[in-house]
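Pasted below: target.cif, mmCIF, C-alpha atoms.
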```cif
data_query
#
loop_
_atom_site.group_PDB
_atom_site.id
_atom_site.type_symbol
_atom_site.label_atom_id
_atom_site.label_comp_id
_atom_site.auth_asym_id
_atom_site.auth_seq_id
_atom_site.Cartn_x
_atom_site.Cartn_y
_atom_site.Cartn_z
ATOM 1 C CA MET U 10 9.521 -11.861 -11.950
ATOM 2 C CA ASP U 11 13.059 -11.032 -11.038
ATOM 3 C CA GLN U 12 15.281 -8.603 -12.937
ATOM 4 C CA GLU U 13 17.958 -11.217 -13.635
ATOM 5 C CA LEU U 14 15.566 -13.495 -15.536
ATOM 6 C CA LEU U 15 14.050 -10.561 -17.419
ATOM 7 C CA ARG U 16 17.536 -9.348 -18.429
ATOM 8 C CA LYS U 17 18.478 -12.835 -19.690
ATOM 9 C CA ILE U 18 15.320 -13.050 -21.790
ATOM 10 C CA SER U 19 15.835 -9.505 -23.047
ATOM 11 C CA ILE U 20 19.330 -10.389 -24.264
ATOM 12 C CA HIS U 21 18.379 -13.819 -25.619
ATOM 13 C CA LYS U 22 15.344 -12.516 -27.539
ATOM 14 C CA ASN U 23 16.940 -9.131 -28.348
ATOM 15 C CA ILE U 24 13.995 -7.283 -26.787
ATOM 16 C CA ALA U 25 14.187 -3.709 -25.569
ATOM 17 C CA PRO U 26 11.381 -1.345 -24.648
ATOM 18 C CA THR U 27 10.391 0.957 -27.483
ATOM 19 C CA GLN U 28 8.960 3.612 -25.176
ATOM 20 C CA CYS U 29 8.379 4.356 -21.507
ATOM 21 C CA ASP U 30 5.032 2.825 -20.579
ATOM 22 C CA LYS U 31 2.894 5.046 -18.361
ATOM 23 C CA GLY U 32 -0.283 3.072 -18.892
ATOM 24 C CA ASP U 33 -2.449 1.338 -16.352
ATOM 25 C CA ALA U 34 -0.833 -0.234 -13.313
ATOM 26 C CA VAL U 35 -2.811 -3.427 -13.936
ATOM 27 C CA VAL U 36 -3.191 -5.037 -17.335
ATOM 28 C CA LYS U 37 -6.136 -7.381 -17.734
ATOM 29 C CA LEU U 38 -5.505 -10.260 -20.084
ATOM 30 C CA LYS U 39 -8.324 -11.847 -22.038
ATOM 31 C CA SER U 40 -8.941 -15.514 -21.485
ATOM 32 C CA HIS U 41 -6.856 -17.580 -23.871
ATOM 33 C CA PRO U 42 -6.291 -21.362 -24.200
ATOM 34 C CA LEU U 43 -2.541 -20.888 -23.656
ATOM 35 C CA LEU U 44 -3.140 -19.045 -20.372
ATOM 36 C CA ILE U 45 -5.590 -21.671 -19.200
ATOM 37 C CA SER U 46 -3.136 -24.430 -20.077
ATOM 38 C CA PHE U 47 -0.283 -22.621 -18.308
ATOM 39 C CA PHE U 48 -2.244 -22.188 -15.080
ATOM 40 C CA ASP U 49 -3.456 -25.785 -15.252
ATOM 41 C CA SER U 50 0.190 -26.865 -15.431
ATOM 42 C CA LEU U 51 0.924 -24.839 -12.280
ATOM 43 C CA ARG U 52 -1.842 -26.644 -10.403
ATOM 44 C CA GLN U 53 0.046 -29.905 -10.887
ATOM 45 C CA TYR U 54 2.949 -28.454 -8.882
ATOM 46 C CA GLU U 55 0.593 -27.222 -6.178
ATOM 47 C CA ASP U 56 -0.447 -30.814 -5.567
ATOM 48 C CA ASN U 57 3.144 -32.068 -5.716
ATOM 49 C CA LYS U 58 5.308 -29.329 -4.150
ATOM 50 C CA GLU U 59 8.296 -31.606 -3.549
ATOM 51 C CA ALA U 60 8.670 -31.970 -7.340
ATOM 52 C CA LEU U 61 9.202 -28.214 -7.676
ATOM 53 C CA ASN U 62 12.871 -27.226 -7.659
ATOM 54 C CA ASN U 63 14.792 -24.112 -8.704
ATOM 55 C CA SER U 64 15.297 -25.345 -12.261
ATOM 56 C CA LEU U 65 11.583 -25.955 -12.738
ATOM 57 C CA VAL U 66 10.695 -22.601 -11.171
ATOM 58 C CA PHE U 67 13.070 -20.896 -13.630
ATOM 59 C CA ILE U 68 11.497 -22.724 -16.592
ATOM 60 C CA LYS U 69 7.938 -21.897 -15.475
ATOM 61 C CA MET U 70 8.852 -18.227 -14.934
ATOM 62 C CA LYS U 71 10.453 -18.067 -18.377
ATOM 63 C CA GLU U 72 7.355 -19.713 -19.868
ATOM 64 C CA ALA U 73 5.123 -17.157 -18.120
ATOM 65 C CA ILE U 74 7.145 -14.219 -19.488
ATOM 66 C CA LEU U 75 7.206 -15.586 -23.029
ATOM 67 C CA LEU U 76 3.483 -16.287 -22.854
ATOM 68 C CA LEU U 77 2.793 -12.731 -21.680
ATOM 69 C CA LEU U 78 4.867 -11.362 -24.549
ATOM 70 C CA GLU U 79 2.967 -13.526 -27.024
ATOM 71 C CA LEU U 80 -0.467 -12.498 -25.758
ATOM 72 C CA ALA U 81 0.297 -8.849 -24.905
ATOM 73 C CA PRO U 82 3.395 -7.651 -26.813
ATOM 74 C CA LYS U 83 3.089 -4.118 -25.393
ATOM 75 C CA LEU U 84 4.088 -5.531 -21.989
ATOM 76 C CA ALA U 85 7.679 -5.602 -23.265
ATOM 77 C CA ASN U 86 7.850 -1.864 -22.567
ATOM 78 C CA SER U 87 7.190 -2.520 -18.880
ATOM 79 C CA LEU U 88 8.920 -5.866 -18.435
ATOM 80 C CA PHE U 89 12.203 -4.867 -20.040
ATOM 81 C CA ASP U 90 12.575 -1.290 -18.814
ATOM 82 C CA PHE U 91 15.651 -1.579 -16.594
ATOM 83 C CA SER U 92 16.196 2.130 -16.093
ATOM 84 C CA GLU U 93 16.372 3.444 -12.570
ATOM 85 C CA PRO U 94 13.236 5.374 -11.708
ATOM 86 C CA GLY U 95 13.707 9.096 -11.212
ATOM 87 C CA LYS U 96 12.197 11.016 -8.321
ATOM 88 C CA ILE U 97 8.532 11.381 -9.237
ATOM 89 C CA ASP U 98 5.456 13.127 -7.856
ATOM 90 C CA LEU U 99 4.863 11.205 -4.640
ATOM 91 C CA GLU U 100 1.207 12.162 -4.185
ATOM 92 C CA GLU U 101 0.207 11.065 -7.690
ATOM 93 C CA PHE U 102 2.284 7.889 -7.434
ATOM 94 C CA MET U 103 0.802 6.799 -4.099
ATOM 95 C CA ASN U 104 -2.766 7.609 -5.124
ATOM 96 C CA ARG U 105 -2.327 5.389 -8.185
ATOM 97 C CA HIS U 106 -0.513 2.496 -6.470
ATOM 98 C CA TYR U 107 -1.667 2.357 -2.824
ATOM 99 C CA HIS U 108 -3.551 -0.901 -3.406
ATOM 100 C CA PHE U 109 -0.428 -2.923 -4.195
ATOM 101 C CA ASN U 110 0.858 -5.109 -1.373
ATOM 102 C CA VAL U 111 4.547 -4.252 -1.540
ATOM 103 C CA LYS U 112 7.120 -3.349 1.084
ATOM 104 C CA MET U 113 7.740 0.285 1.912
ATOM 105 C CA SER U 114 11.262 -0.020 0.508
ATOM 106 C CA ARG U 115 9.755 -0.981 -2.874
ATOM 107 C CA PHE U 116 7.413 2.026 -2.836
ATOM 108 C CA ALA U 117 10.465 4.166 -2.041
ATOM 109 C CA TYR U 118 12.503 2.678 -4.894
ATOM 110 C CA LEU U 119 9.691 3.001 -7.426
ATOM 111 C CA SER U 120 9.179 6.645 -6.482
ATOM 112 C CA GLY U 121 12.914 7.291 -7.001
ATOM 113 C CA ARG U 122 13.807 7.749 -3.343
ATOM 114 C CA SER U 123 15.794 6.094 -0.604
ATOM 115 C CA LEU U 124 13.627 4.701 2.176
ATOM 116 C CA ALA U 125 14.577 7.551 4.536
ATOM 117 C CA THR U 126 13.841 10.203 1.887
ATOM 118 C CA PHE U 127 10.578 8.469 0.997
ATOM 119 C CA LYS U 128 9.392 8.562 4.617
ATOM 120 C CA ARG U 129 10.464 12.186 5.032
ATOM 121 C CA ASP U 130 8.821 13.298 1.753
ATOM 122 C CA PHE U 131 5.722 11.256 2.567
ATOM 123 C CA GLN U 132 5.286 13.010 5.918
ATOM 124 C CA LYS U 133 5.545 16.400 4.182
ATOM 125 C CA VAL U 134 3.046 15.528 1.432
ATOM 126 C CA PHE U 135 0.453 13.530 3.401
ATOM 127 C CA ASN U 136 1.084 14.696 6.977
ATOM 128 C CA ALA U 137 1.059 11.034 8.054
ATOM 129 C CA THR U 138 3.368 8.047 8.137
ATOM 130 C CA PRO U 139 3.238 5.817 5.037
ATOM 131 C CA SER U 140 1.847 2.829 6.941
ATOM 132 C CA ARG U 141 -0.968 4.835 8.580
ATOM 133 C CA TRP U 142 -1.874 6.575 5.338
ATOM 134 C CA LEU U 143 -1.891 3.290 3.387
ATOM 135 C CA LEU U 144 -4.134 1.604 5.943
ATOM 136 C CA SER U 145 -6.549 4.534 6.025
ATOM 137 C CA LYS U 146 -6.638 4.867 2.220
ATOM 138 C CA ARG U 147 -7.191 1.143 1.700
ATOM 139 C CA LEU U 148 -9.920 0.950 4.340
ATOM 140 C CA SER U 149 -11.665 4.010 2.918
ATOM 141 C CA GLU U 150 -11.682 2.418 -0.544
ATOM 142 C CA ALA U 151 -12.887 -0.879 0.969
ATOM 143 C CA HIS U 152 -15.761 0.934 2.702
ATOM 144 C CA TYR U 153 -16.791 2.484 -0.613
ATOM 145 C CA LEU U 154 -16.576 -0.829 -2.505
ATOM 146 C CA LEU U 155 -18.538 -2.694 0.151
ATOM 147 C CA LYS U 156 -21.252 -0.127 0.798
ATOM 148 C CA GLU U 157 -21.708 1.535 -2.585
ATOM 149 C CA LYS U 158 -20.744 -1.219 -5.013
ATOM 150 C CA GLY U 159 -22.041 -4.234 -3.099
ATOM 151 C CA ARG U 160 -18.739 -6.104 -3.210
ATOM 152 C CA THR U 161 -17.931 -8.766 -0.620
ATOM 153 C CA PRO U 162 -15.024 -8.617 1.862
ATOM 154 C CA SER U 163 -13.368 -11.615 0.199
ATOM 155 C CA GLU U 164 -13.449 -9.776 -3.140
ATOM 156 C CA VAL U 165 -11.835 -6.570 -1.897
ATOM 157 C CA TYR U 166 -9.218 -7.471 0.692
ATOM 158 C CA ILE U 167 -6.620 -8.819 -1.769
ATOM 159 C CA GLU U 168 -7.442 -6.177 -4.367
ATOM 160 C CA LEU U 169 -6.601 -3.483 -1.796
ATOM 161 C CA GLY U 170 -3.294 -4.937 -0.620
ATOM 162 C CA PHE U 171 -4.244 -6.693 2.610
ATOM 163 C CA GLU U 172 -2.313 -9.824 3.546
ATOM 164 C CA ASN U 173 -5.339 -11.804 4.653
ATOM 165 C CA LEU U 174 -9.044 -11.519 5.334
ATOM 166 C CA SER U 175 -8.735 -11.612 9.133
ATOM 167 C CA HIS U 176 -6.272 -8.673 9.201
ATOM 168 C CA PHE U 177 -8.565 -6.745 6.862
ATOM 169 C CA SER U 178 -11.661 -7.491 8.983
ATOM 170 C CA PHE U 179 -9.890 -6.534 12.223
ATOM 171 C CA ALA U 180 -8.605 -3.223 10.819
ATOM 172 C CA PHE U 181 -11.955 -2.424 9.192
ATOM 173 C CA LYS U 182 -13.908 -3.031 12.405
ATOM 174 C CA LYS U 183 -11.422 -0.969 14.393
ATOM 175 C CA MET U 184 -11.847 1.984 12.001
ATOM 176 C CA TYR U 185 -15.598 1.778 11.264
ATOM 177 C CA GLY U 186 -17.014 -0.005 14.315
ATOM 178 C CA VAL U 187 -18.604 -2.799 12.261
ATOM 179 C CA SER U 188 -17.161 -5.798 10.491
ATOM 180 C CA PRO U 189 -16.965 -5.580 6.687
ATOM 181 C CA SER U 190 -19.548 -8.353 6.314
ATOM 182 C CA GLN U 191 -22.065 -6.281 8.317
ATOM 183 C CA LEU U 192 -21.880 -3.371 5.905
ATOM 184 C CA ARG U 193 -24.892 -3.570 3.609
ATOM 185 C CA PRO U 194 -24.873 -1.942 0.206
ATOM 186 C CA VAL U 195 -27.040 1.164 -0.216
ATOM 187 C CA ILE U 196 -29.030 -0.588 -2.979
ATOM 188 C CA GLN U 197 -30.013 -3.437 -0.662
ATOM 189 C CA SER U 198 -30.885 -1.054 2.178
ATOM 190 C CA ILE U 199 -33.262 0.954 -0.015
ATOM 191 C CA SER U 200 -35.102 -2.086 -1.395
ATOM 192 C CA ALA U 201 -35.400 -3.749 2.036
#
```

Would you write out, as structure tokens, the structure that this file holds?
Amino acid sequence: MDQELLRKISIHKNIAPTQCDKGDAVVKLKSHPLLISFFDSLRQYEDNKEALNNSLVFIKMKEAILLLLELAPKLANSLFDFSEPGKIDLEEFMNRHYHFNVKMSRFAYLSGRSLATFKRDFQKVFNATPSRWLLSKRLSEAHYLLKEKGRTPSEVYIELGFENLSHFSFAFKKMYGVSPSQLRPVIQSISA
């Protein structure tokens, strides 16, 4: 959701955040008939992509924002906070948000740093480059989820910020010597 659209809605609906929201990075919404209907309407465009133009995209984005506000009003604090982020604790920030698939420049911005400062500070804090640390952290978490929690590779690769399953599998095998699908949960190994 781009800032321009959020600003327009904020002005039109006279919505401003009431407090800085430092809650969870991911908000789970309960199933609701309006959400189901909204996503069903998006499927129609998936089947007919040539019908989708900028005006329709704008309307669907606006509908999504208004629907979110209706179903989870507290999201206004996050959606309509247009303040520039200040320089924050990089270690805490990265440990909370490493699983998001965003560009390094976005991580830098959200931590209140220029890209060059972000990379420099990152090296000092983690003694590694951001891309190497992210890959290692994500693969370590994937190993835990696969082996200890019995999750499948297709369940974890998107959740941990990988672009696609083949990139995840390749990186995992390179680091651990086995493909993610070969990793058996501890529970299964004991009962076998």

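Nearest to Tyr118 of chain U of all the residues U:Ser145, U:Ser92, U:Asn86, U:Gln191 is U:Ser92, counting only C-alpha atoms.
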
Residues at most 8 Å from segment 168-183 of chain U, counting only C-alpha atoms, excluding those fewer than 5 positions away in the same chain, as a list in words?
-> Tyr107, His108, Phe109, Asn110, Val111, Arg147, Leu148, Glu150, Ala151, Pro162, Ser163, Ser188 and Pro189 of chain U

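Separating atom CA of Leu78 of chain U from atom CA of Ile24 of chain U is a distance of 10.2 Å.
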
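Relative to atom CA of Ser50 of chain U, atom CA of Lys69 of chain U is found at 9.2 Å.
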
Put the listed atoms of segment 15-20 of chain U in a box along x, y and z with 6 Å added on every side and give me the centre and edge lengths in Å to one decimal, as JSON.
```
{"center_x": 16.7, "center_y": -11.2, "center_z": -20.8, "size_x": 17.3, "size_y": 15.7, "size_z": 18.8}
```

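With distances restricted to only C-alpha atoms, U:Arg141 is the closest residue to Met113 of chain U from U:Lys83, U:Lys146, U:Arg141, U:Lys71.
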
Rounded to one decimal place, report the atom CA of Arg193 of chain U-atom CA of Glu157 of chain U distance in Å.
-> 8.6 Å

For the file shown, report as a list of chain:residue names the outcome of the PyMOL selection byres ((chain U and resi 120-126) around 8) at residue level.
-> U:Glu93, U:Pro94, U:Gly95, U:Lys96, U:Ile97, U:Asp98, U:Leu99, U:Phe102, U:Met113, U:Ser114, U:Phe116, U:Ala117, U:Tyr118, U:Leu119, U:Phe127, U:Lys128, U:Arg129, U:Asp130

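Distances from U:Asn63, U:Met70, U:Leu15, U:Lys39 to Leu51 of chain U were compared using all atoms listed in the file, and the smallest one belongs to U:Met70.
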
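With only C-alpha atoms as the atoms that count, the residue of U:Ala25, U:Glu164, U:Trp142, U:Ile18 with the shortest distance to Asp90 of chain U is U:Ala25.
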
Here's the selection I'm unsure about, the PyMOL selection byres ((chain U and resi 38) around 12); applied to the file above, which residues does it give, as a PDB file with C-alpha atoms, in the coordinates of the input?
```pdb
ATOM      1  CA  VAL U  35      -2.811  -3.427 -13.936  1.00  0.00           C
ATOM      2  CA  VAL U  36      -3.191  -5.037 -17.335  1.00  0.00           C
ATOM      3  CA  LYS U  37      -6.136  -7.381 -17.734  1.00  0.00           C
ATOM      4  CA  LYS U  39      -8.324 -11.847 -22.038  1.00  0.00           C
ATOM      5  CA  SER U  40      -8.941 -15.514 -21.485  1.00  0.00           C
ATOM      6  CA  HIS U  41      -6.856 -17.580 -23.871  1.00  0.00           C
ATOM      7  CA  PRO U  42      -6.291 -21.362 -24.200  1.00  0.00           C
ATOM      8  CA  LEU U  43      -2.541 -20.888 -23.656  1.00  0.00           C
ATOM      9  CA  LEU U  44      -3.140 -19.045 -20.372  1.00  0.00           C
ATOM     10  CA  ILE U  45      -5.590 -21.671 -19.200  1.00  0.00           C
ATOM     11  CA  LEU U  76       3.483 -16.287 -22.854  1.00  0.00           C
ATOM     12  CA  LEU U  77       2.793 -12.731 -21.680  1.00  0.00           C
ATOM     13  CA  LEU U  78       4.867 -11.362 -24.549  1.00  0.00           C
ATOM     14  CA  GLU U  79       2.967 -13.526 -27.024  1.00  0.00           C
ATOM     15  CA  LEU U  80      -0.467 -12.498 -25.758  1.00  0.00           C
ATOM     16  CA  ALA U  81       0.297  -8.849 -24.905  1.00  0.00           C
ATOM     17  CA  PRO U  82       3.395  -7.651 -26.813  1.00  0.00           C
ATOM     18  CA  LYS U  83       3.089  -4.118 -25.393  1.00  0.00           C
ATOM     19  CA  LEU U  84       4.088  -5.531 -21.989  1.00  0.00           C
TER      20      LEU U  84
END
```

Of the candidates U:Gly159, U:Tyr54, U:Met184, U:Val165, which one gets nearest to Leu144 of chain U if we count all atoms listed in the file?
-> U:Met184
